[in-house]
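**Student:** Below is the file target_26.tsv, with TSV, C-alpha atoms and all ligand atoms.
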```
chain	number	residue	atom	x	y	z
J	24	ARG	CA	42.27	89.70	132.87
J	25	PRO	CA	41.07	93.24	132.14
J	26	ARG	CA	39.52	94.99	135.10
J	27	SER	CA	37.09	97.94	135.20
J	28	PHE	CA	37.47	100.88	137.56
J	29	ARG	CA	35.26	103.81	138.42
J	30	LEU	CA	37.43	106.85	139.17
J	31	ARG	CA	36.27	109.72	141.33
J	32	ILE	CA	38.48	112.83	141.48
J	33	ALA	CA	38.08	115.65	143.99
J	34	PRO	CA	40.27	118.71	144.68
J	35	ILE	CA	41.92	118.80	148.09
J	36	GLN	CA	40.64	121.70	150.16
J	37	LYS	CA	43.10	124.53	150.64
J	38	LYS	CA	43.16	124.47	154.42
J	39	ILE	CA	44.51	120.89	154.37
J	40	LEU	CA	47.47	122.03	152.26
J	41	ILE	CA	50.51	123.04	154.20
J	42	GLU	CA	53.57	122.70	152.00
J	43	GLN	CA	52.02	123.32	148.61
J	44	GLU	CA	50.26	126.58	149.46
J	45	ALA	CA	52.46	128.62	147.16
J	46	SER	CA	51.73	126.49	144.09
J	47	ASP	CA	48.96	127.53	141.70
J	48	ARG	CA	48.24	123.94	140.74
J	49	VAL	CA	45.25	122.35	142.44
J	50	PRO	CA	46.10	119.03	144.01
J	51	VAL	CA	43.43	116.39	143.71
J	52	VAL	CA	42.66	113.06	145.26
J	53	GLY	CA	41.48	110.18	143.10
J	54	ILE	CA	39.54	107.18	144.35
J	55	PHE	CA	39.65	104.07	142.19
J	56	LEU	CA	36.73	101.71	142.72
J	57	ASP	CA	37.12	98.22	141.27
J	58	VAL	CA	33.77	97.55	139.54
J	59	THR	CA	34.84	94.46	137.57
J	60	GLU	CA	32.45	92.16	139.46
J	61	LEU	CA	29.62	94.67	139.23
J	62	LYS	CA	30.07	94.91	135.45
J	63	ARG	CA	30.23	91.14	135.12
J	64	ALA	CA	26.99	90.75	137.12
J	65	GLU	CA	25.33	93.40	134.98
J	66	ARG	CA	26.43	91.62	131.78
J	67	MET	CA	25.15	88.29	133.13
J	68	ARG	CA	21.80	89.86	134.01
J	69	ILE	CA	21.44	91.34	130.52
J	70	ASP	CA	22.42	88.02	128.87
J	71	PHE	CA	20.01	86.17	131.13
J	72	VAL	CA	17.06	88.40	130.22
J	73	ALA	CA	17.93	88.01	126.52
J	74	ASN	CA	18.11	84.23	126.89
J	75	VAL	CA	14.82	84.02	128.79
J	76	SER	CA	13.07	86.15	126.18
J	77	HIS	CA	14.41	83.95	123.40
J	78	GLU	CA	13.40	80.74	125.18
J	79	LEU	CA	9.88	82.07	125.86
J	80	ARG	CA	9.46	83.34	122.34
J	81	THR	CA	10.11	79.97	120.67
J	82	PRO	CA	7.10	78.08	122.14
J	83	LEU	CA	4.97	81.23	122.02
J	84	THR	CA	5.58	81.57	118.28
J	85	SER	CA	4.56	77.93	117.79
J	86	ILE	CA	1.41	78.37	119.88
J	87	ARG	CA	0.47	81.43	117.84
J	88	GLY	CA	1.16	79.70	114.50
J	89	PHE	CA	-0.78	76.55	115.35
J	90	SER	CA	-3.68	78.56	116.82
J	91	GLU	CA	-3.99	80.44	113.53
J	92	ALA	CA	-3.88	77.15	111.61
J	93	LEU	CA	-6.52	75.74	113.96
J	94	LEU	CA	-8.84	78.70	113.36
J	95	GLU	CA	-8.42	78.50	109.61
J	96	ASP	CA	-9.06	74.75	109.59
J	97	LEU	CA	-12.18	75.28	111.72
J	98	LYS	CA	-13.49	77.97	109.35
J	99	ALA	CA	-12.80	75.79	106.31
J	100	GLY	CA	-14.30	72.70	107.97
J	101	ARG	CA	-11.01	70.72	107.72
J	102	MET	CA	-11.65	68.60	110.78
J	103	ASP	CA	-8.87	66.04	110.11
J	104	SER	CA	-6.03	68.50	110.87
J	105	LEU	CA	-7.52	69.91	114.09
J	106	GLU	CA	-6.03	67.18	116.22
J	107	ARG	CA	-2.48	67.83	115.03
J	108	SER	CA	-2.66	71.60	115.68
J	109	SER	CA	-4.24	71.09	119.10
J	110	ALA	CA	-1.54	68.57	120.07
J	111	LYS	CA	1.21	71.01	119.01
J	112	ILE	CA	-0.39	73.82	121.05
J	113	LEU	CA	-0.56	71.55	124.09
J	114	THR	CA	3.08	70.43	123.73
J	115	ASN	CA	4.31	74.02	123.48
J	116	ALA	CA	2.12	75.19	126.36
J	117	ASP	CA	3.58	72.36	128.47
J	118	ARG	CA	7.06	73.47	127.43
J	119	LEU	CA	6.33	77.00	128.55
J	120	GLY	CA	5.06	75.63	131.86
J	121	VAL	CA	8.28	73.63	132.43
J	122	LEU	CA	10.41	76.64	131.53
J	123	VAL	CA	8.56	78.97	133.90
J	124	GLN	CA	8.78	76.38	136.70
J	125	ASP	CA	12.55	75.95	136.11
J	126	LEU	CA	13.03	79.72	136.17
J	127	LEU	CA	11.08	80.03	139.42
J	128	ASP	CA	13.10	77.21	140.99
J	129	LEU	CA	16.34	78.81	139.93
J	130	SER	CA	15.41	82.24	141.25
J	131	GLN	CA	14.22	80.74	144.55
J	132	LEU	CA	17.45	78.77	144.89
J	133	GLU	CA	19.62	81.76	144.07
J	134	SER	CA	17.90	84.06	146.54
J	135	GLY	CA	17.02	81.68	149.36
J	136	ARG	CA	19.95	79.30	149.57
J	137	GLU	CA	20.23	77.16	152.71
J	138	ARG	CA	17.48	78.93	154.67
J	139	GLU	CA	14.79	77.50	152.43
J	140	LEU	CA	15.80	73.84	152.82
J	141	ASN	CA	13.53	71.44	154.70
J	142	ARG	CA	16.13	68.92	155.75
J	143	GLU	CA	15.18	65.42	156.82
J	144	ARG	CA	16.78	62.00	156.81
J	145	LEU	CA	16.34	60.54	153.36
J	146	ASP	CA	15.83	56.92	152.42
J	147	LEU	CA	18.09	57.01	149.38
J	148	ALA	CA	16.99	53.67	147.92
J	149	VAL	CA	13.26	54.47	148.15
J	150	LEU	CA	13.74	57.99	146.82
J	151	THR	CA	15.86	56.89	143.86
J	152	ARG	CA	13.56	54.01	142.98
J	153	ARG	CA	10.63	56.42	142.93
J	154	VAL	CA	12.37	58.66	140.38
J	155	VAL	CA	13.53	55.66	138.33
J	156	ASN	CA	9.95	54.31	138.27
J	157	SER	CA	8.56	57.64	137.13
J	158	LEU	CA	10.86	57.47	134.08
J	159	GLU	CA	10.20	53.80	133.32
J	160	GLY	CA	8.20	54.59	130.16
J	161	VAL	CA	11.19	56.37	128.59
J	162	ARG	CA	13.55	53.53	129.52
J	163	VAL	CA	11.34	50.88	127.93
J	164	GLN	CA	10.83	52.98	124.82
J	165	ARG	CA	14.54	53.67	124.38
J	166	ASN	CA	15.55	50.16	125.38
J	167	PHE	CA	18.41	50.45	127.88
J	168	LYS	CA	19.00	49.08	131.37
J	169	VAL	CA	19.14	51.00	134.63
J	170	GLU	CA	21.20	49.90	137.64
J	171	LEU	CA	20.74	51.28	141.14
J	172	GLU	CA	23.14	50.87	144.06
J	173	VAL	CA	23.18	52.39	147.54
J	174	GLU	CA	26.40	51.70	149.47
J	175	ASP	CA	26.05	50.64	153.11
J	176	GLY	CA	26.36	53.67	155.36
J	177	ALA	CA	25.53	56.26	152.71
J	178	LYS	CA	23.24	58.72	154.47
J	179	LEU	CA	21.84	62.06	153.56
J	180	TYR	CA	20.14	64.69	155.71
J	181	ALA	CA	18.72	66.93	153.04
J	182	ASP	CA	15.65	68.45	151.40
J	183	LEU	CA	13.66	65.55	149.92
J	184	ALA	CA	11.98	67.53	147.12
J	185	ARG	CA	15.27	69.17	146.11
J	186	VAL	CA	17.25	65.92	146.04
J	187	GLU	CA	14.44	64.37	144.03
J	188	GLN	CA	14.79	67.26	141.58
J	189	VAL	CA	18.55	66.61	141.29
J	190	LEU	CA	17.84	62.97	140.44
J	191	GLU	CA	15.07	63.86	138.00
J	192	ASN	CA	17.30	66.29	136.12
J	193	LEU	CA	20.39	64.05	136.02
J	194	LEU	CA	18.43	60.92	135.15
J	195	GLY	CA	16.31	62.88	132.67
J	196	ASN	CA	19.49	63.83	130.82
J	197	ALA	CA	21.03	60.36	131.07
J	198	TYR	CA	17.82	58.82	129.70
J	199	ARG	CA	17.70	61.39	126.91
J	200	TYR	CA	21.23	60.58	125.76
J	201	ALA	CA	21.51	56.85	126.61
J	202	THR	CA	21.78	54.68	123.52
J	203	SER	CA	19.86	51.48	122.99
J	204	GLY	CA	21.30	48.39	124.69
J	205	THR	CA	23.48	50.37	127.13
J	206	ILE	CA	23.31	50.82	130.91
J	207	VAL	CA	22.50	53.90	132.98
J	208	SER	CA	23.76	53.54	136.53
J	209	VAL	CA	22.82	55.48	139.66
J	210	ARG	CA	25.04	55.04	142.68
J	211	TRP	CA	24.97	56.54	146.17
J	212	GLY	CA	28.30	56.04	147.93
J	213	LEU	CA	30.27	57.17	150.96
J	214	GLU	CA	33.73	58.65	150.49
J	215	ASP	CA	35.82	60.65	153.00
J	216	ASP	CA	32.65	61.33	154.98
J	217	GLN	CA	30.87	62.71	151.93
J	218	CYS	CA	27.69	61.28	150.48
J	219	ILE	CA	28.33	60.92	146.75
J	220	LEU	CA	25.74	60.56	144.02
J	221	GLN	CA	26.95	59.35	140.63
J	222	VAL	CA	24.76	59.16	137.53
J	223	LYS	CA	26.53	57.48	134.66
J	224	ASP	CA	25.43	56.82	131.09
J	225	GLN	CA	27.06	55.18	128.08
J	226	GLY	CA	25.68	57.71	125.61
J	227	PRO	CA	27.58	59.79	123.03
J	228	GLY	CA	29.53	61.79	125.64
J	229	ILE	CA	30.44	65.48	125.57
J	230	SER	CA	33.60	66.93	124.04
J	231	PRO	CA	36.01	68.58	126.50
J	232	GLU	CA	35.60	72.21	125.39
J	233	HIS	CA	31.99	72.23	126.66
J	234	LEU	CA	32.56	70.69	130.08
J	235	SER	CA	33.52	73.84	132.01
J	236	ARG	CA	30.37	75.66	130.87
J	237	LEU	CA	27.85	72.85	131.22
J	238	PHE	CA	26.40	74.05	134.54
J	239	GLU	CA	25.74	77.58	133.24
J	240	ARG	CA	22.16	78.67	132.75
J	241	PHE	CA	20.96	77.97	129.19
J	242	TYR	CA	24.26	76.44	128.07
J	243	ARG	CA	23.62	73.62	125.61
J	244	VAL	CA	25.97	71.48	123.57
J	245	ASP	CA	23.37	70.84	120.89
J	246	PRO	CA	20.60	73.47	121.25
J	247	ASP	CA	18.25	71.91	118.69
J	248	ARG	CA	18.43	68.44	120.14
J	249	SER	CA	17.89	69.81	123.65
J	250	ARG	CA	14.84	71.87	122.63
J	251	ASN	CA	13.32	69.12	120.51
J	252	SER	CA	13.49	66.70	123.41
J	253	GLY	CA	11.84	69.21	125.78
J	254	GLY	CA	15.00	70.46	127.55
J	255	THR	CA	15.06	73.99	128.96
J	256	GLY	CA	18.85	74.34	129.29
J	257	LEU	CA	18.37	75.01	133.01
J	258	GLY	CA	18.45	71.47	134.42
J	259	LEU	CA	22.15	71.34	135.31
J	260	ALA	CA	22.18	74.92	136.65
J	261	ILE	CA	19.37	73.87	139.02
J	262	VAL	CA	21.31	70.73	140.03
J	263	LYS	CA	24.39	72.83	140.82
J	264	HIS	CA	22.42	75.32	142.92
J	265	ILE	CA	20.63	72.61	144.89
J	266	VAL	CA	23.85	70.76	145.69
J	267	GLN	CA	25.62	74.02	146.62
J	268	ALA	CA	22.70	75.04	148.86
J	269	HIS	CA	23.37	71.79	150.76
J	270	GLY	CA	27.04	72.77	151.09
J	271	GLY	CA	28.25	70.39	148.38
J	272	HIS	CA	29.62	70.57	144.86
J	273	VAL	CA	29.04	69.02	141.43
J	274	SER	CA	31.33	67.80	138.67
J	275	VAL	CA	31.19	66.07	135.32
J	276	GLU	CA	33.47	63.63	133.52
J	277	SER	CA	32.95	62.82	129.89
J	278	SER	CA	34.60	62.15	126.59
J	279	LEU	CA	33.19	61.63	123.14
J	280	GLY	CA	32.08	58.08	122.54
J	281	SER	CA	32.44	56.87	126.12
J	282	GLY	CA	29.49	58.33	127.99
J	283	THR	CA	29.09	60.85	130.77
J	284	THR	CA	29.26	60.72	134.56
J	285	PHE	CA	27.80	63.44	136.77
J	286	THR	CA	28.93	63.48	140.41
J	287	CYS	CA	27.31	65.34	143.31
J	288	CYS	CA	29.18	65.45	146.63
J	289	PHE	CA	27.11	66.23	149.72
J	290	PRO	CA	29.09	66.91	152.91
J	291	GLY	CA	28.85	64.94	156.16
J	292	GLY	CA	27.71	61.59	154.76
J	293	SER	CA	28.18	59.52	157.92
J	294	GLN	CA	28.05	62.01	160.79
J	295	GLN	CA	24.82	63.81	160.18
J	296	GLU	CA	22.50	64.24	163.14
J	297	PHE	CA	19.23	62.42	162.67
J	301	LIG	P1	18.78	70.55	128.92
J	301	LIG	O1	17.45	70.96	129.38
J	301	LIG	O2	19.14	71.09	127.56
J	301	LIG	O3	19.05	69.10	129.08
J	301	LIG	P2	20.74	70.82	131.01
J	301	LIG	O4	21.18	72.00	131.80
J	301	LIG	O5	20.14	69.69	131.76
J	301	LIG	O6	19.76	71.35	129.90
J	301	LIG	O7	21.99	70.27	130.20
J	301	LIG	C1	22.79	71.18	129.47
J	301	LIG	C2	23.36	70.51	128.24
J	301	LIG	O8	24.33	69.53	128.64
J	301	LIG	C3	22.35	69.74	127.41
J	301	LIG	O9	21.70	70.58	126.49
J	301	LIG	C4	23.23	68.72	126.71
J	301	LIG	O10	23.80	69.32	125.56
J	301	LIG	C5	24.34	68.45	127.72
J	301	LIG	N1	24.13	67.20	128.50
J	301	LIG	C6	23.59	67.10	129.73
J	301	LIG	N2	23.58	65.83	130.16
J	301	LIG	C7	24.13	65.09	129.17
J	301	LIG	C8	24.42	63.68	129.02
J	301	LIG	N3	24.13	62.80	129.97
J	301	LIG	N4	25.01	63.28	127.85
J	301	LIG	C9	25.31	64.20	126.88
J	301	LIG	N5	25.08	65.53	126.98
J	301	LIG	C10	24.49	65.97	128.10
```
As a first step, turn the structure in this file into structure tokens.
Ligand code: ADP
**Tutor:**
Amino acid sequence: RPRSFRLRIAPIQKKILIEQEASDRVPVVGIFLDVTELKRAERMRIDFVANVSHELRTPLTSIRGFSEALLEDLKAGRMDSLERSSAKILTNADRLGVLVQDLLDLSQLESGRERELNRERLDLAVLTRRVVNSLEGVRVQRNFKVELEVEDGAKLYADLARVEQVLENLLGNAYRYATSGTIVSVRWGLEDDQCILQVKDQGPGISPEHLSRLFERFYRVDPDRSRNSGGTGLGLAIVKHIVQAHGGHVSVESSLGSGTTFTCCFPGGSQQEF
């Protein structure tokens, strides 16, 4: 891979020179500083700001457009279209709210890491059922089944609100992509002393070239579909940061036509101090 260096050159002072005193050439010393990582971070920051601006502009443009339409309808006395414009303004304002909240979460996770976690012993069945219940309306509307399993001995000493957020984001995606008549399964297991969460759907799947970039901020396989269904493109980046803040890691397995499985491994599944 190409690397970037910053080079600083300085002449060597005469008094240090012993052998080369007779020469009229000035010897110099050069210091090469590897700034590859610095440049990469700078590029990522610039891209991130560009992405955030773009994401904010989309709902803002809609709010502006529908507000203008609302005003014109009011002036012209067209009362029947007021409801539609108001509903659109509300939807886009909500979208902005979700985006800002996701951005705040991400920045807090990136700066605070483990120090910010309020760890406690979690009741995995109760916690998962709560998230599943909160999404029940979507499940009924889209007509698929959800299965929940907590293996005996699976324990987690973690931040309740953060783990809930992991479940909300993973289940939110699974519910968004699950096809009618299929099953979404959520499983907490214990493997090599790790507490493993698996969220599996039988939706359309993701083709392999996208998989390595899926946890990047704002990376989307189908940007229009994601935006239209209220996605911010930050959900999986937040999941990754939360799991990493707990000392764990995330992965995804998927292929077109056979659904997607997200796996989160949290360390110390059976030996945590309670
Ligand atoms: P979004 O808010 O767009 O859902 P995420 O970070 O949660 O953002 O997900 C990133 C992208 O990964 C989504 O836009 C979607 O293209 C893809 N994706 C995530 N989960 C699934 C899934 N269960 N099935 C198919 N594609 C998915």
**Student:** Identify the residues within 9 Å of coordinate (15.0, 55.6, 123.8) (same frame as the file), considering all atoms listed in the file, and give the answer as a PyMOL selection string.
**Tutor:** chain J and resi 161-167+198-203
**Student:** Skipping near chain neighbours, those fewer than 2 positions away, what residues fall within 8 Å of Val222 (chain J) using all atoms listed in the file, listed as number ranges by chain?
**Tutor:** J: 193-194, 197, 207-210, 220, 224, 284-286
**Student:** What are the closest atom pairs, with distances in Å to one decimal, for all residues of region 110-181 of chain J lying within 12 Å of region 63-79 of chain J? Consider all atoms listed in the file, order rows by chain and residue number, and present the result as CSV.
**Tutor:**
```
residue,atom,partner,partner_atom,distance
J:Asn115,CA,J:Leu79,CA,10.1
J:Ala116,CA,J:Leu79,CA,10.4
J:Asp117,CA,J:Leu79,CA,11.9
J:Arg118,CA,J:Leu79,CA,9.2
J:Leu119,CA,J:Leu79,CA,6.7
J:Gly120,CA,J:Leu79,CA,10.0
J:Val121,CA,J:Leu79,CA,10.8
J:Leu122,CA,J:Leu79,CA,7.9
J:Val123,CA,J:Leu79,CA,8.7
J:Asp125,CA,J:Val75,CA,11.1
J:Leu126,CA,J:Val75,CA,8.7
J:Leu127,CA,J:Val75,CA,12.0
J:Ser130,CA,J:Phe71,CA,11.8
```
**Student:** Report as AutoDock Vina command-line options the centre and the edge lengths, in Å to one decimal, of the axis-aligned box holding every listed atom of region 270-276 of chain J, padded by 5 Å on each side.
**Tutor:**
```
--center_x 30.3 --center_y 68.2 --center_z 142.3 --size_x 16.4 --size_y 19.1 --size_z 27.6
```
**Student:** Skip Gly282 (chain J) itself and residues of its chain fewer than 4 positions away, then list as a ChimeraX atom specification all residues within 8 Å of it, counting only C-alpha atoms.
**Tutor:** /J:223-229,277-278
